[in-house]
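Colleague: Below is the file structure03.txt, with compact mmCIF, N, CA and C atoms.
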```txt
# COMPACT_ATOMS: atom_id res chain seq x y z
N MET A 1 -171.23 49.38 -44.00
CA MET A 1 -170.36 50.51 -44.24
C MET A 1 -170.88 51.75 -43.52
N GLU A 2 -172.21 51.93 -43.54
CA GLU A 2 -172.80 53.10 -42.88
C GLU A 2 -172.57 53.05 -41.37
N ASN A 3 -172.62 51.85 -40.80
CA ASN A 3 -172.38 51.69 -39.37
C ASN A 3 -170.94 52.03 -39.01
N LEU A 4 -170.02 51.69 -39.88
CA LEU A 4 -168.61 51.99 -39.65
C LEU A 4 -168.37 53.50 -39.64
N ILE A 5 -168.99 54.20 -40.55
CA ILE A 5 -168.85 55.66 -40.60
C ILE A 5 -169.43 56.29 -39.34
N MET A 6 -170.59 55.79 -38.90
CA MET A 6 -171.20 56.31 -37.67
C MET A 6 -170.29 56.04 -36.47
N LEU A 7 -169.69 54.87 -36.41
CA LEU A 7 -168.78 54.53 -35.32
C LEU A 7 -167.56 55.44 -35.32
N ILE A 8 -167.02 55.74 -36.48
CA ILE A 8 -165.87 56.64 -36.59
C ILE A 8 -166.25 58.04 -36.10
N LYS A 9 -167.45 58.50 -36.45
CA LYS A 9 -167.90 59.82 -35.99
C LYS A 9 -168.03 59.86 -34.47
N ILE A 10 -168.59 58.80 -33.90
CA ILE A 10 -168.76 58.74 -32.44
C ILE A 10 -167.40 58.73 -31.75
N ILE A 11 -166.48 57.95 -32.27
CA ILE A 11 -165.13 57.89 -31.69
C ILE A 11 -164.44 59.24 -31.78
N ALA A 12 -164.63 59.95 -32.88
CA ALA A 12 -164.01 61.28 -33.05
C ALA A 12 -164.55 62.27 -32.03
N VAL A 13 -165.86 62.25 -31.80
CA VAL A 13 -166.47 63.17 -30.84
C VAL A 13 -165.99 62.85 -29.43
N PHE A 14 -165.97 61.56 -29.06
CA PHE A 14 -165.50 61.18 -27.73
C PHE A 14 -164.03 61.52 -27.54
N SER A 15 -163.23 61.34 -28.56
CA SER A 15 -161.80 61.68 -28.47
C SER A 15 -161.62 63.18 -28.26
N ALA A 16 -162.36 63.98 -28.99
CA ALA A 16 -162.28 65.43 -28.82
C ALA A 16 -162.72 65.84 -27.42
N ALA A 17 -163.76 65.20 -26.90
CA ALA A 17 -164.24 65.52 -25.56
C ALA A 17 -163.20 65.16 -24.50
N ILE A 18 -162.55 64.03 -24.68
CA ILE A 18 -161.51 63.61 -23.73
C ILE A 18 -160.33 64.58 -23.76
N ILE A 19 -159.90 64.96 -24.96
CA ILE A 19 -158.78 65.89 -25.09
C ILE A 19 -159.12 67.24 -24.48
N LEU A 20 -160.31 67.76 -24.77
CA LEU A 20 -160.73 69.05 -24.23
C LEU A 20 -160.87 68.99 -22.71
N GLY A 21 -161.42 67.90 -22.21
CA GLY A 21 -161.58 67.74 -20.76
C GLY A 21 -160.25 67.66 -20.03
N SER A 22 -159.31 66.94 -20.59
CA SER A 22 -158.00 66.84 -19.93
C SER A 22 -157.25 68.17 -20.00
N TRP A 23 -157.43 68.91 -21.11
CA TRP A 23 -156.82 70.24 -21.24
C TRP A 23 -157.39 71.17 -20.17
N PHE A 24 -158.72 71.15 -20.00
CA PHE A 24 -159.36 71.99 -19.00
C PHE A 24 -158.90 71.58 -17.60
N SER A 25 -158.81 70.28 -17.36
CA SER A 25 -158.37 69.79 -16.06
C SER A 25 -156.95 70.26 -15.74
N SER A 26 -156.09 70.26 -16.73
CA SER A 26 -154.72 70.74 -16.50
C SER A 26 -154.71 72.24 -16.20
N GLU A 27 -155.60 72.98 -16.82
CA GLU A 27 -155.70 74.42 -16.53
C GLU A 27 -156.18 74.65 -15.09
N VAL A 28 -157.13 73.83 -14.64
CA VAL A 28 -157.62 73.94 -13.26
C VAL A 28 -156.49 73.64 -12.29
N LYS A 29 -155.73 72.59 -12.56
CA LYS A 29 -154.61 72.23 -11.68
C LYS A 29 -153.55 73.33 -11.65
N LYS A 30 -153.26 73.92 -12.82
CA LYS A 30 -152.28 75.01 -12.88
C LYS A 30 -152.73 76.19 -12.02
N ASN A 31 -154.01 76.54 -12.15
CA ASN A 31 -154.53 77.66 -11.38
C ASN A 31 -154.54 77.36 -9.89
N LYS A 32 -154.81 76.12 -9.53
CA LYS A 32 -154.83 75.74 -8.12
C LYS A 32 -153.42 75.82 -7.53
N ILE A 33 -152.43 75.39 -8.30
CA ILE A 33 -151.04 75.45 -7.83
C ILE A 33 -150.60 76.91 -7.66
N LYS A 34 -151.01 77.77 -8.59
CA LYS A 34 -150.65 79.19 -8.52
C LYS A 34 -151.41 79.93 -7.43
N GLY A 35 -152.48 79.32 -6.90
CA GLY A 35 -153.29 79.96 -5.87
C GLY A 35 -154.29 80.96 -6.42
N GLU A 36 -154.60 80.84 -7.70
CA GLU A 36 -155.55 81.75 -8.32
C GLU A 36 -156.99 81.28 -8.02
N PRO A 37 -157.96 82.16 -8.20
CA PRO A 37 -159.35 81.78 -7.92
C PRO A 37 -159.84 80.66 -8.85
N PRO A 38 -160.77 79.83 -8.37
CA PRO A 38 -161.23 78.68 -9.16
C PRO A 38 -161.88 79.06 -10.49
N HIS A 39 -162.54 80.22 -10.54
CA HIS A 39 -163.23 80.60 -11.77
C HIS A 39 -162.27 81.02 -12.89
N LYS A 40 -161.02 81.20 -12.56
CA LYS A 40 -160.02 81.63 -13.55
C LYS A 40 -159.85 80.60 -14.67
N ALA A 41 -160.08 79.33 -14.36
CA ALA A 41 -159.93 78.27 -15.37
C ALA A 41 -160.95 78.44 -16.50
N TYR A 42 -162.11 79.02 -16.20
CA TYR A 42 -163.13 79.20 -17.23
C TYR A 42 -162.77 80.31 -18.21
N LEU A 43 -161.76 81.09 -17.90
CA LEU A 43 -161.31 82.15 -18.81
C LEU A 43 -160.15 81.69 -19.68
N SER A 44 -159.71 80.46 -19.52
CA SER A 44 -158.66 79.89 -20.35
C SER A 44 -159.29 79.39 -21.66
N PRO A 45 -158.48 79.13 -22.68
CA PRO A 45 -159.05 78.67 -23.96
C PRO A 45 -159.96 77.43 -23.85
N PRO A 46 -159.57 76.37 -23.11
CA PRO A 46 -160.50 75.24 -23.03
C PRO A 46 -161.78 75.59 -22.28
N GLY A 47 -161.67 76.46 -21.29
CA GLY A 47 -162.86 76.88 -20.55
C GLY A 47 -163.83 77.67 -21.42
N ILE A 48 -163.28 78.51 -22.27
CA ILE A 48 -164.11 79.30 -23.18
C ILE A 48 -164.78 78.39 -24.20
N ILE A 49 -164.04 77.41 -24.72
CA ILE A 49 -164.62 76.47 -25.69
C ILE A 49 -165.74 75.67 -25.05
N ILE A 50 -165.53 75.19 -23.83
CA ILE A 50 -166.56 74.42 -23.13
C ILE A 50 -167.78 75.30 -22.86
N SER A 51 -167.56 76.54 -22.44
CA SER A 51 -168.68 77.45 -22.18
C SER A 51 -169.49 77.71 -23.45
N ILE A 52 -168.82 77.91 -24.55
CA ILE A 52 -169.51 78.14 -25.82
C ILE A 52 -170.34 76.92 -26.21
N ILE A 53 -169.75 75.73 -26.06
CA ILE A 53 -170.48 74.51 -26.39
C ILE A 53 -171.71 74.36 -25.51
N VAL A 54 -171.55 74.61 -24.22
CA VAL A 54 -172.67 74.47 -23.29
C VAL A 54 -173.78 75.47 -23.60
N LEU A 55 -173.42 76.66 -24.03
CA LEU A 55 -174.43 77.67 -24.33
C LEU A 55 -175.05 77.51 -25.71
N ILE A 56 -174.28 77.11 -26.69
CA ILE A 56 -174.76 77.04 -28.06
C ILE A 56 -175.50 75.74 -28.37
N LEU A 57 -175.09 74.63 -27.77
CA LEU A 57 -175.69 73.34 -28.09
C LEU A 57 -177.20 73.29 -27.87
N PRO A 58 -177.74 73.79 -26.75
CA PRO A 58 -179.20 73.78 -26.60
C PRO A 58 -179.91 74.64 -27.65
N ILE A 59 -179.29 75.74 -28.04
CA ILE A 59 -179.89 76.60 -29.06
C ILE A 59 -179.95 75.88 -30.40
N ILE A 60 -178.87 75.19 -30.74
CA ILE A 60 -178.85 74.44 -32.00
C ILE A 60 -179.88 73.31 -31.96
N ALA A 61 -179.97 72.61 -30.84
CA ALA A 61 -180.95 71.53 -30.71
C ALA A 61 -182.37 72.06 -30.84
N TRP A 62 -182.65 73.19 -30.21
CA TRP A 62 -183.98 73.78 -30.30
C TRP A 62 -184.28 74.21 -31.74
N PHE A 63 -183.29 74.80 -32.39
CA PHE A 63 -183.48 75.25 -33.77
C PHE A 63 -183.75 74.07 -34.70
N LEU A 64 -183.02 72.98 -34.53
CA LEU A 64 -183.21 71.82 -35.38
C LEU A 64 -184.56 71.14 -35.14
N GLN A 65 -185.07 71.19 -33.92
CA GLN A 65 -186.37 70.60 -33.62
C GLN A 65 -187.52 71.41 -34.20
N ASN A 66 -187.35 72.72 -34.26
CA ASN A 66 -188.41 73.61 -34.71
C ASN A 66 -188.27 74.03 -36.17
N ARG A 67 -187.54 73.27 -36.94
CA ARG A 67 -187.36 73.59 -38.35
C ARG A 67 -188.55 73.29 -39.16
```
In structure tokens, what does this structure look like?
Modeller:
Amino acid sequence: MENLIMLIKIIAVFSAAIILGSWFSSEVKKNKIKGEPPHKAYLSPPGIIISIIVLILPIIAWFLQNR
């Protein structure tokens, strides 16, 4: 039963990553079609979420290791 719960958690995280990645990819394509600069996609909601995750995750990992 514990393995099943762990598998469900892993599937949920991967599903969220796929959804966020495809959302960001669509924002990049939209900006490319409009002729806007490439960095503009990072200012969209999925870009901001990805940036926050990239910046916060190492801090959380460091904090949990040094508890």
Colleague: What does the distance between atom N of Ile49 in chain A and atom C of Trp62 in chain A come to in Å, to one decimal place?
Modeller: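 Taking atom N of Ile49 in chain A as the start and atom C of Trp62 in chain A as the end point, the length is 21.7 Å.
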Colleague: Which residues are near range 43-48 of chain A? Cut-off 6.5 Å, all atoms listed in the file, ignore same chain within fewer than 4 positions. Put them as number ranges by chain.
Modeller: A: 20, 23-24, 39, 52-53
Colleague: If I take CA of Val54 in chain A and CA of Glu2 in chain A, how far is one from the other in Å, to one decimal?
Modeller: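 Distance reported for this atom pair: 29.0 Å.
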Colleague: Among chain A, which ones does DSSP assign to alpha helix (DSSP H) (computed from the backbone)? Answer as an NGL selection string.
Modeller: :A and (2-34 or 45-65)
Colleague: Quick one, how far is atom C of Leu4 in chain A from atom C of Ile19 in chain A?
Modeller: 22.5 Å
Colleague: Around range 41-44 of chain A, with edges along x, y and z and 5 Å added on all six sides, what centre and edge lengths do you get, in Å to one decimal, as JSON?
Modeller:
```
{"center_x": -160.9, "center_y": 80.2, "center_z": -18.0, "size_x": 14.5, "size_y": 13.9, "size_z": 17.3}
```
